[in-house]
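Quick look at work_11.cif (mmCIF, C-alpha atoms):
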data_upload
loop_
_atom_site.label_atom_id
_atom_site.label_comp_id
_atom_site.auth_asym_id
_atom_site.auth_seq_id
_atom_site.Cartn_x
_atom_site.Cartn_y
_atom_site.Cartn_z
CA MET A 1 -11.45 64.87 -31.22
CA LYS A 2 -10.24 65.77 -27.73
CA LYS A 3 -6.82 66.74 -29.09
CA PHE A 4 -8.46 68.88 -31.75
CA PHE A 5 -10.38 70.83 -29.11
CA LEU A 6 -7.22 71.27 -27.08
CA LEU A 7 -5.21 72.64 -30.01
CA ALA A 8 -8.04 74.96 -31.03
CA SER A 9 -8.35 76.32 -27.50
CA LEU A 10 -4.63 76.91 -27.23
CA THR A 11 -4.65 78.72 -30.58
CA LEU A 12 -7.48 80.99 -29.46
CA VAL A 13 -5.76 81.76 -26.18
CA LEU A 14 -2.46 82.48 -27.83
CA ALA A 15 -4.17 84.63 -30.45
CA SER A 16 -5.97 86.61 -27.79
CA CYS A 17 -2.73 87.05 -25.92
CA GLY A 18 -1.13 88.28 -29.07
CA ASN A 19 -3.64 91.12 -29.36
CA ASP A 20 -2.72 92.70 -26.02
CA GLU A 21 0.79 91.47 -25.43
CA LYS A 22 3.87 90.44 -27.33
CA SER A 23 3.75 87.16 -29.20
CA VAL A 24 6.02 84.21 -28.34
CA GLU A 25 8.23 85.00 -31.31
CA GLN A 26 8.57 88.61 -30.22
CA VAL A 27 9.46 87.61 -26.66
CA ILE A 28 12.09 85.18 -27.95
CA GLU A 29 13.56 87.77 -30.27
CA SER A 30 13.85 90.24 -27.37
CA GLU A 31 16.33 87.83 -25.69
CA ASP A 32 15.00 89.08 -22.37
CA LEU A 33 15.36 86.06 -20.01
CA GLU A 34 12.86 87.33 -17.47
CA ALA A 35 10.31 88.05 -20.18
CA ILE A 36 10.78 84.59 -21.68
CA ARG A 37 10.30 82.93 -18.27
CA ALA A 38 7.22 85.00 -17.59
CA LYS A 39 5.70 84.04 -20.96
CA LYS A 40 6.41 80.34 -20.29
CA ALA A 41 4.78 80.51 -16.85
CA GLU A 42 1.75 82.26 -18.36
CA LEU A 43 1.31 79.58 -21.06
CA SER A 44 1.87 76.73 -18.59
CA SER A 45 -0.86 78.10 -16.36
CA LEU A 46 -3.22 78.31 -19.32
CA GLN A 47 -2.32 74.73 -20.33
CA SER A 48 -3.04 73.43 -16.81
CA GLN A 49 -6.40 75.12 -16.79
CA LEU A 50 -7.25 73.67 -20.19
CA SER A 51 -6.17 70.17 -19.14
CA ALA A 52 -8.29 70.35 -15.99
CA ASN A 53 -11.29 71.47 -17.99
CA ILE A 54 -10.74 68.73 -20.58
CA ASN A 55 -10.55 66.12 -17.83
CA LYS A 56 -13.87 67.35 -16.45
CA LEU A 57 -15.38 67.14 -19.91
CA ASP A 58 -13.99 63.60 -20.41
CA GLU A 59 -15.41 62.50 -17.11
CA LYS A 60 -18.85 63.81 -18.06
CA ILE A 61 -18.57 62.21 -21.51
CA ARG A 62 -17.81 58.86 -19.93
CA GLU A 63 -20.80 59.28 -17.69
CA LEU A 64 -23.20 60.19 -20.50
CA ASP A 65 -21.83 58.19 -23.46
CA LYS A 66 -23.41 54.73 -23.28
CA SER A 67 -21.90 53.59 -26.57
CA ARG A 68 -18.20 54.04 -25.73
CA GLN A 69 -15.91 50.96 -25.80
CA LEU A 70 -14.21 50.05 -22.51
CA PRO A 71 -11.43 47.45 -22.27
CA LEU A 72 -12.99 44.07 -21.52
CA VAL A 73 -11.24 41.98 -18.85
CA SER A 74 -11.87 38.80 -16.88
CA VAL A 75 -11.65 38.80 -13.10
CA ASP A 76 -11.56 36.30 -10.27
CA THR A 77 -11.90 36.69 -6.51
CA LEU A 78 -8.78 35.78 -4.55
CA LYS A 79 -8.94 33.30 -1.69
CA GLN A 80 -6.46 31.59 0.58
CA GLU A 81 -5.43 28.13 -0.56
CA THR A 82 -2.86 25.46 0.20
CA PHE A 83 0.13 25.87 -2.09
CA ARG A 84 2.48 22.96 -2.76
CA HIS A 85 5.67 23.14 -4.75
CA TYR A 86 7.19 20.03 -6.28
CA ALA A 87 10.72 19.40 -7.45
CA GLU A 88 10.84 17.09 -10.46
CA VAL A 89 13.46 14.39 -10.97
CA GLN A 90 13.65 11.56 -13.50
CA GLY A 91 13.60 7.92 -12.45
CA ASP A 92 13.11 4.39 -13.75
CA VAL A 93 10.47 1.84 -12.87
CA ALA A 94 11.97 -1.31 -11.37
CA THR A 95 11.13 -4.45 -9.42
CA ASP A 96 13.31 -6.81 -7.39
CA GLU A 97 11.19 -9.71 -8.67
CA ASN A 98 12.56 -9.73 -12.22
CA ILE A 99 15.06 -12.55 -12.53
CA ILE A 100 16.66 -15.06 -14.88
CA ILE A 101 16.30 -18.61 -13.54
CA TYR A 102 19.39 -20.84 -13.91
CA PRO A 103 19.65 -24.58 -13.16
CA GLU A 104 21.41 -25.78 -10.01
CA TYR A 105 22.32 -29.16 -11.48
CA SER A 106 24.09 -30.27 -14.66
CA GLY A 107 22.27 -32.71 -16.87
CA LEU A 108 19.71 -33.33 -19.57
CA LEU A 109 16.56 -31.22 -19.41
CA THR A 110 13.75 -33.76 -19.49
CA GLN A 111 10.70 -31.56 -18.83
CA VAL A 112 9.70 -27.95 -19.50
CA ASN A 113 6.29 -27.45 -17.91
CA VAL A 114 5.55 -23.78 -18.76
CA ASP A 115 5.24 -21.49 -21.76
CA GLU A 116 5.83 -17.76 -22.13
CA GLY A 117 3.01 -15.76 -20.56
CA ASP A 118 2.05 -18.48 -18.05
CA ARG A 119 1.25 -17.29 -14.56
CA VAL A 120 2.92 -19.46 -11.92
CA ARG A 121 2.77 -19.80 -8.14
CA LYS A 122 5.68 -19.76 -5.74
CA GLY A 123 7.14 -23.29 -5.53
CA GLN A 124 5.50 -24.50 -8.73
CA VAL A 125 7.62 -26.98 -10.77
CA LEU A 126 8.83 -25.27 -13.95
CA ALA A 127 11.20 -27.94 -15.29
CA ARG A 128 13.02 -31.20 -14.44
CA ILE A 129 16.58 -32.34 -15.11
CA ASP A 130 17.66 -35.97 -15.40
CA ASP A 131 19.25 -36.91 -12.07
CA GLY A 132 21.74 -39.35 -13.61
CA GLY A 133 20.89 -42.27 -11.29
CA LEU A 134 20.68 -40.31 -8.05
CA SER A 135 17.19 -41.67 -7.34
CA SER A 136 18.54 -45.25 -7.35
CA GLN A 137 21.33 -44.27 -5.00
CA LEU A 138 18.80 -42.61 -2.74
CA ALA A 139 16.72 -45.81 -2.58
CA GLN A 140 19.80 -47.77 -1.50
CA LEU A 141 20.73 -45.20 1.13
CA GLU A 142 17.18 -45.15 2.48
CA ALA A 143 17.28 -48.96 2.83
CA GLN A 144 20.57 -48.73 4.69
CA ALA A 145 19.20 -45.96 6.88
CA SER A 146 16.13 -48.08 7.72
CA LEU A 147 18.33 -51.00 8.81
CA ALA A 148 20.63 -48.68 10.78
CA LYS A 149 17.62 -47.18 12.52
CA THR A 150 16.27 -50.61 13.53
CA THR A 151 19.68 -51.66 14.85
CA TYR A 152 20.09 -48.40 16.77
CA GLU A 153 16.64 -48.62 18.39
CA ARG A 154 17.30 -52.25 19.46
CA ARG A 155 20.70 -51.40 20.93
CA LYS A 156 19.13 -48.42 22.71
CA ARG A 157 16.47 -50.58 24.40
CA LEU A 158 19.08 -53.13 25.52
CA TRP A 159 21.38 -50.39 26.83
CA GLU A 160 18.52 -48.89 28.83
CA GLN A 161 18.09 -52.39 30.42
CA ASN A 162 21.85 -52.56 31.15
CA ILE A 163 22.28 -55.29 28.53
CA GLY A 164 25.16 -55.14 26.07
CA SER A 165 28.14 -52.86 25.93
CA GLU A 166 28.14 -49.08 25.64
CA ILE A 167 30.43 -49.22 22.61
CA GLU A 168 27.92 -51.32 20.66
CA TYR A 169 25.17 -48.80 21.49
CA LEU A 170 27.31 -45.82 20.44
CA ASN A 171 28.41 -47.50 17.20
CA ALA A 172 24.79 -48.22 16.29
CA LYS A 173 23.80 -44.61 17.01
CA THR A 174 26.69 -43.18 15.00
CA ASN A 175 25.98 -45.50 12.07
CA TYR A 176 22.30 -44.50 12.01
CA GLU A 177 23.02 -40.77 12.18
CA SER A 178 25.68 -41.02 9.45
CA THR A 179 23.41 -43.01 7.15
CA GLN A 180 20.53 -40.54 7.72
CA ASN A 181 22.79 -37.59 6.88
CA SER A 182 23.74 -39.32 3.63
CA VAL A 183 20.05 -39.72 2.82
CA ASN A 184 19.40 -36.02 3.48
CA GLN A 185 22.36 -34.96 1.33
CA MET A 186 21.18 -37.17 -1.52
CA LYS A 187 17.66 -35.71 -1.27
CA SER A 188 19.15 -32.23 -1.39
CA GLN A 189 21.07 -33.14 -4.54
CA ILE A 190 17.98 -34.62 -6.18
CA SER A 191 15.91 -31.52 -5.26
CA LYS A 192 18.27 -29.46 -7.42
CA THR A 193 17.12 -31.42 -10.48
CA VAL A 194 13.66 -29.88 -10.03
CA VAL A 195 13.39 -26.22 -11.09
CA ARG A 196 10.77 -24.35 -9.03
CA ALA A 197 9.41 -20.80 -9.14
CA PRO A 198 11.05 -18.74 -6.35
CA PHE A 199 8.03 -16.40 -6.25
CA SER A 200 4.64 -15.99 -7.89
CA GLY A 201 4.68 -14.17 -11.20
CA VAL A 202 4.60 -14.53 -14.99
CA ILE A 203 7.00 -16.46 -17.23
CA ASP A 204 8.14 -13.66 -19.51
CA GLU A 205 10.65 -15.66 -21.56
CA VAL A 206 11.58 -19.33 -22.06
CA PHE A 207 15.21 -19.71 -23.16
CA THR A 208 15.51 -23.48 -23.45
CA GLU A 209 13.57 -26.64 -24.42
CA ASN A 210 13.39 -30.36 -23.73
CA GLY A 211 16.49 -32.37 -24.55
CA GLU A 212 19.07 -29.65 -23.98
CA VAL A 213 22.01 -30.20 -21.67
CA VAL A 214 22.10 -27.47 -19.01
CA SER A 215 24.73 -26.31 -16.52
CA PRO A 216 24.57 -24.18 -13.35
CA GLY A 217 25.40 -20.50 -13.89
CA GLN A 218 25.61 -20.87 -17.67
CA SER A 219 22.30 -22.07 -19.10
CA GLN A 220 19.42 -19.62 -18.87
CA LEU A 221 16.08 -21.37 -18.42
CA PHE A 222 13.36 -18.75 -17.82
CA ARG A 223 12.75 -15.08 -17.06
CA LEU A 224 10.24 -14.74 -14.22
CA ILE A 225 8.66 -11.35 -13.46
CA SER A 226 6.21 -10.20 -10.81
CA LEU A 227 4.51 -6.83 -11.38
CA GLU A 228 3.03 -6.60 -7.89
CA ASN A 229 5.88 -5.05 -5.89
CA MET A 230 6.92 -2.23 -8.21
CA TYR A 231 8.92 0.87 -7.33
CA VAL A 232 10.56 3.86 -8.97
CA GLU A 233 14.24 4.48 -8.36
CA ALA A 234 15.78 7.90 -8.88
CA ASP A 235 18.85 9.99 -8.11
CA VAL A 236 17.91 13.07 -6.07
CA PRO A 237 20.20 16.14 -5.60
CA GLU A 238 21.77 16.22 -2.16
CA ASN A 239 20.19 19.58 -1.24
CA TYR A 240 16.90 17.67 -0.78
CA LEU A 241 18.34 15.43 1.96
CA THR A 242 16.46 17.18 4.76
CA LYS A 243 13.18 17.28 2.81
CA ILE A 244 12.93 13.67 1.64
CA LYS A 245 12.38 10.96 4.25
CA LYS A 246 10.99 7.47 4.35
CA GLY A 247 7.19 7.79 4.08
CA THR A 248 7.25 11.17 2.29
CA ASN A 249 4.31 11.48 -0.12
CA VAL A 250 5.24 12.04 -3.76
CA LYS A 251 3.50 12.14 -7.13
CA ILE A 252 4.69 10.00 -10.02
CA GLN A 253 3.98 10.65 -13.68
CA ILE A 254 4.49 7.87 -16.24
CA SER A 255 3.97 9.58 -19.58
CA SER A 256 4.11 6.40 -21.67
CA ILE A 257 0.78 5.26 -20.21
CA GLY A 258 -0.60 8.70 -19.30
CA GLU A 259 -0.80 7.92 -15.58
CA GLU A 260 -0.22 10.05 -12.49
CA LEU A 261 0.10 8.04 -9.29
CA ASP A 262 0.46 8.78 -5.60
CA GLY A 263 3.29 6.99 -3.85
CA LYS A 264 5.44 7.00 -0.73
CA VAL A 265 9.19 7.01 -0.36
CA SER A 266 10.02 3.47 0.75
CA GLN A 267 13.80 3.81 0.94
CA VAL A 268 16.32 6.66 1.17
CA GLY A 269 19.94 5.99 0.30
CA ASN A 270 22.67 6.81 2.82
CA ASN A 271 25.43 7.36 0.27
CA ILE A 272 26.11 10.54 -1.73
CA ASN A 273 27.41 9.79 -5.20
CA PRO A 274 30.57 11.96 -5.51
CA ASN A 275 30.26 12.12 -9.30
CA ASN A 276 26.86 13.87 -9.46
CA ARG A 277 26.17 14.77 -5.76
CA THR A 278 22.96 12.75 -5.59
CA PHE A 279 21.47 10.06 -3.36
CA LYS A 280 19.09 7.27 -4.34
CA VAL A 281 15.45 6.99 -3.35
CA GLN A 282 12.88 4.31 -3.99
CA ILE A 283 9.15 4.99 -4.17
CA ALA A 284 6.71 2.10 -3.98
CA ILE A 285 3.91 2.39 -6.54
CA PRO A 286 0.63 0.49 -6.92
CA ASN A 287 0.20 -1.70 -9.98
CA SER A 288 -3.00 -3.65 -9.44
CA GLU A 289 -3.82 -3.71 -13.17
CA GLY A 290 -0.29 -4.63 -14.26
CA VAL A 291 0.04 -1.78 -16.78
CA ILE A 292 3.32 -0.52 -15.30
CA LYS A 293 6.39 -2.36 -16.57
CA PRO A 294 10.04 -2.46 -15.48
CA ASN A 295 12.38 0.10 -17.08
CA GLN A 296 9.64 2.61 -17.92
CA ILE A 297 10.69 6.24 -17.45
CA ALA A 298 8.93 8.06 -14.62
CA THR A 299 8.91 11.67 -13.44
CA ILE A 300 8.96 11.97 -9.66
CA MET A 301 7.50 15.11 -8.10
CA LEU A 302 8.92 15.63 -4.62
CA ASN A 303 6.92 17.96 -2.38
CA ASP A 304 9.70 20.27 -1.14
CA TYR A 305 7.56 23.25 -0.02
CA THR A 306 4.04 23.60 1.41
CA SER A 307 2.15 26.70 2.59
CA GLU A 308 -1.27 26.10 4.10
CA GLU A 309 -2.65 29.64 3.66
CA SER A 310 -1.40 31.33 0.52
CA VAL A 311 -2.77 33.68 -2.13
CA ILE A 312 -2.18 31.89 -5.44
CA ILE A 313 -2.59 33.59 -8.82
CA PRO A 314 -1.91 32.59 -12.45
CA GLU A 315 1.71 33.25 -13.38
CA SER A 316 0.51 34.91 -16.60
CA THR A 317 -1.03 37.82 -14.65
CA ILE A 318 2.38 38.99 -13.40
CA GLN A 319 3.90 41.97 -15.27
CA LYS A 320 7.20 43.82 -14.78
CA ASN A 321 7.69 47.57 -14.60
CA ALA A 322 10.79 49.54 -15.62
CA MET A 323 12.37 48.96 -12.21
CA GLY A 324 11.93 45.19 -12.43
CA GLU A 325 9.15 45.06 -9.86
CA SER A 326 6.33 42.55 -10.22
CA LEU A 327 2.86 44.04 -10.58
CA VAL A 328 -0.72 42.94 -11.16
CA TYR A 329 -4.01 44.76 -11.67
CA ILE A 330 -6.98 44.34 -9.40
CA LEU A 331 -10.49 45.72 -9.64
CA GLY A 332 -10.62 48.93 -7.65
CA GLU A 333 -13.79 50.97 -7.52
CA SER A 334 -16.77 49.33 -9.20
CA SER A 335 -19.71 51.47 -10.26
CA ASN A 336 -21.94 48.51 -11.13
CA ASP A 337 -21.85 44.80 -11.86
CA SER A 338 -19.93 45.18 -15.13
CA THR A 339 -17.68 48.26 -14.97
CA GLY A 340 -14.99 49.44 -12.61
CA VAL A 341 -11.50 50.89 -12.34
CA ALA A 342 -8.22 49.01 -12.76
CA GLN A 343 -5.82 49.45 -9.86
CA LYS A 344 -2.12 48.63 -10.13
CA VAL A 345 -0.57 46.70 -7.21
CA ILE A 346 3.12 45.94 -6.64
CA VAL A 347 3.53 42.37 -5.34
CA GLU A 348 6.23 40.06 -4.02
CA THR A 349 6.16 36.44 -5.12
CA GLY A 350 7.42 33.07 -3.92
CA TYR A 351 7.48 29.66 -5.55
CA THR A 352 5.99 28.89 -8.96
CA TYR A 353 4.46 25.57 -9.93
CA ASN A 354 2.16 24.42 -12.75
CA ASP A 355 1.61 27.97 -14.08
CA SER A 356 0.56 29.19 -10.61
CA ILE A 357 2.61 31.50 -8.41
CA GLU A 358 2.47 32.20 -4.70
CA VAL A 359 2.07 35.87 -3.72
CA THR A 360 3.82 36.57 -0.42
CA LYS A 361 3.08 40.31 -0.22
CA GLY A 362 0.73 42.82 -1.87
CA LEU A 363 -2.51 40.84 -2.24
CA GLN A 364 -5.01 39.41 0.19
CA SER A 365 -8.03 37.17 0.18
CA GLY A 366 -11.22 38.82 -1.06
CA GLN A 367 -9.60 41.15 -3.59
CA ILE A 368 -10.65 40.82 -7.23
CA LEU A 369 -7.78 40.08 -9.61
CA ILE A 370 -7.82 40.90 -13.31
CA ILE A 371 -6.67 37.64 -14.86
CA GLU A 372 -7.20 38.35 -18.58
CA GLY A 373 -6.86 41.57 -20.52
CA ALA A 374 -4.50 43.34 -18.13
CA LYS A 375 -1.49 43.69 -20.44
CA ASN A 376 -2.44 47.09 -21.88
CA LEU A 377 -4.15 48.62 -18.86
CA ARG A 378 -2.99 51.65 -16.93
CA ASP A 379 -3.55 52.53 -13.30
CA GLY A 380 -6.98 54.12 -12.78
CA GLN A 381 -8.31 53.13 -16.21
CA GLU A 382 -12.01 52.37 -16.40
CA ILE A 383 -12.78 48.83 -17.53
CA LYS A 384 -15.60 46.50 -18.28
CA PHE A 385 -15.26 43.12 -16.57
CA ARG A 386 -16.76 39.66 -16.53
CA LYS A 387 -16.37 37.02 -13.89
#
Could you write out this structure as structure tokens?
Amino acid sequence: MKKFFLLASLTLVLASCGNDEKSVEQVIESEDLEAIRAKKAELSSLQSQLSANINKLDEKIRELDKSRQLPLVSVDTLKQETFRHYAEVQGDVATDENIIIYPEYSGLLTQVNVDEGDRVRKGQVLARIDDGGLSSQLAQLEAQASLAKTTYERRKRLWEQNIGSEIEYLNAKTNYESTQNSVNQMKSQISKTVVRAPFSGVIDEVFTENGEVVSPGQSQLFRLISLENMYVEADVPENYLTKIKKGTNVKIQISSIGEELDGKVSQVGNNINPNNRTFKVQIAIPNSEGVIKPNQIATIMLNDYTSEESVIIPESTIQKNAMGESLVYILGESSNDSTGVAQKVIVETGYTYNDSIEVTKGLQSGQILIIEGAKNLRDGQEIKFRK
């Protein structure tokens, strides 16, 4: 409708001009450059006047027309917040207490005292191996050691009373000590026939059974796992060396169980892998309920940047102009609680994380940002908003 009025007005003006002066066609046909320029200036002046009048009429229409449709947008008040950026690296869940137990003595397995899934204590007897007569030999050695001890103690008392020769005393002492060492060595050998749990945990697998002949370093007996002291191990790019230290707080996501955990860096490697320019880190993680298992894949989020007082906005509100500048729209003048004017603002941005972006220049706390419906706005356009 507005365009129709504009065209009609221009037609009337041009027609009226044609009554007293030459028409545009006549001026063009005259090929008089000065006359053509004068006619253009005259029409441009008339067009400016018409545009100004139309703008006044539009402004009054907007004021009086209660039924007109304004663009509807959503807004939010900006405030200063702490912004944290995290670098994400992939890692694996691990534990040092995940071992295969082998026998220390060759022989016939006579007892297997546990089943898969049993929880055991540190030092608990898991299995026994036939000692092949070592217990009988130990009994003989202990008898010899008892006699040697009695002889030594008697010789010692006599020597302290200056009775007997020194050589008899020293021989008795040497014989006792030698026999006692033999007893201790035999006990050590026999202790290897008893398989004990090196730490508290759960028997995850049983590889053998009663009656099998086992050998050190060859026969697997049990897999013992403890899920208490778990950690995530990952390779981190070397450019994070100055940002990751022992005790650094990190977040850990384990997607297979839908968990996000807080942890601390417990160990930082001192070697840079020349093949991929990374160093190893370990992050201790809690596992009180035992739901985290070795070899699960974990995403480690390393806090590599923190700003305590930042203006943070949704990344989706950022637009680009023809010159590549980032811009957003804020609520400028507001005539009431539901309508106002959109104002374009050029901004500079910093880090982006989780669909949020840090604004380093252009916005400040307290301003009202248009967060939805800003894509088709223009600077100075009147809008209807909701918070």
How would you write, as a VMD selection string, the residues chosen by the PyMOL selection byres ((chain A and resi 300-308) around 10) on this structure? chain A and resid 80 to 92 232 to 234 236 240 242 to 244 248 to 254 260 to 263 265 283 297 to 299 309 to 311 351 358
Just how far from atom CA of A:Asp115 is atom CA of A:Val206, in Å to one decimal?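 If I compute the distance from atom CA of A:Val206 to atom CA of A:Asp115, I get 6.7 Å.
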Carefully work through the PyMOL selection byres ((chain A and resi 109) around 9) for this structure and note down the residues it includes, as a PyMOL selection string. chain A and resi 106-108+110-112+127-130+193+208-214
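Among A:Ile167, A:Ala139, A:Leu224, A:Ile330, the residue with the shortest atom-to-atom distance to A:Asp204, counting all atoms listed in the file, is A:Leu224.
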When you look at A:Leu78 with a cut-off of 12 Å (counting all atoms listed in the file), what residues show up, excluding the ones that are within fewer than 3 positions of it in the same chain? I need them as a VMD selection string. chain A and resid 75 81 309 to 314 330 to 331 358 to 359 363 to 371
As an exercise, work out the distance from atom CA of A:Gln47 to atom CA of A:Leu64 in Å and give it to one decimal place.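 Calculated distance between atom CA of A:Gln47 and atom CA of A:Leu64 is 25.4 Å.
For A:Asn321, the list of residues within 12 Å, based on all atoms listed in the file and with local chain neighbours fewer than 4 positions off taken out, reads Glu325, Ser326, Leu327, Val328, Lys344, Val345, Ile346, Val347, Lys375 and Arg378 of chain A.
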Work out where the centre of an axis-aligned box around every listed atom of stretch 228-237 of chain A lies and how long its edges are once 5 Å is added on each side; give both in Å to one decimal as JSON.
{"center_x": 11.6, "center_y": 4.8, "center_z": -7.3, "size_x": 27.2, "size_y": 32.7, "size_z": 13.4}
Min atom-atom distance to A:Gln220 from the set A:Glu104, A:Glu289, A:Glu97, A:Asp337, counting only C-alpha atoms, belongs to A:Glu104
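Among the candidates A:Val341, A:Leu57, A:Ala94, A:Val125, the one nearest to A:Lys293 when counting all atoms listed in the file is A:Ala94.
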Let me make sure I understand: among A:Ala143, A:Ala374, A:Val281, A:Val183, which one has the smallest atom-to-atom distance to A:Val93 if we use only C-alpha atoms? A:Val281
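Distances here use all atoms listed in the file; by that measure, the residue among A:Asn55, A:Thr360, A:Ser135, A:Ser338 closest to A:Leu70 is A:Ser338.
When atom CA of A:Asn287 is paired with atom CA of A:Tyr231, their separation reads 9.5 Å.
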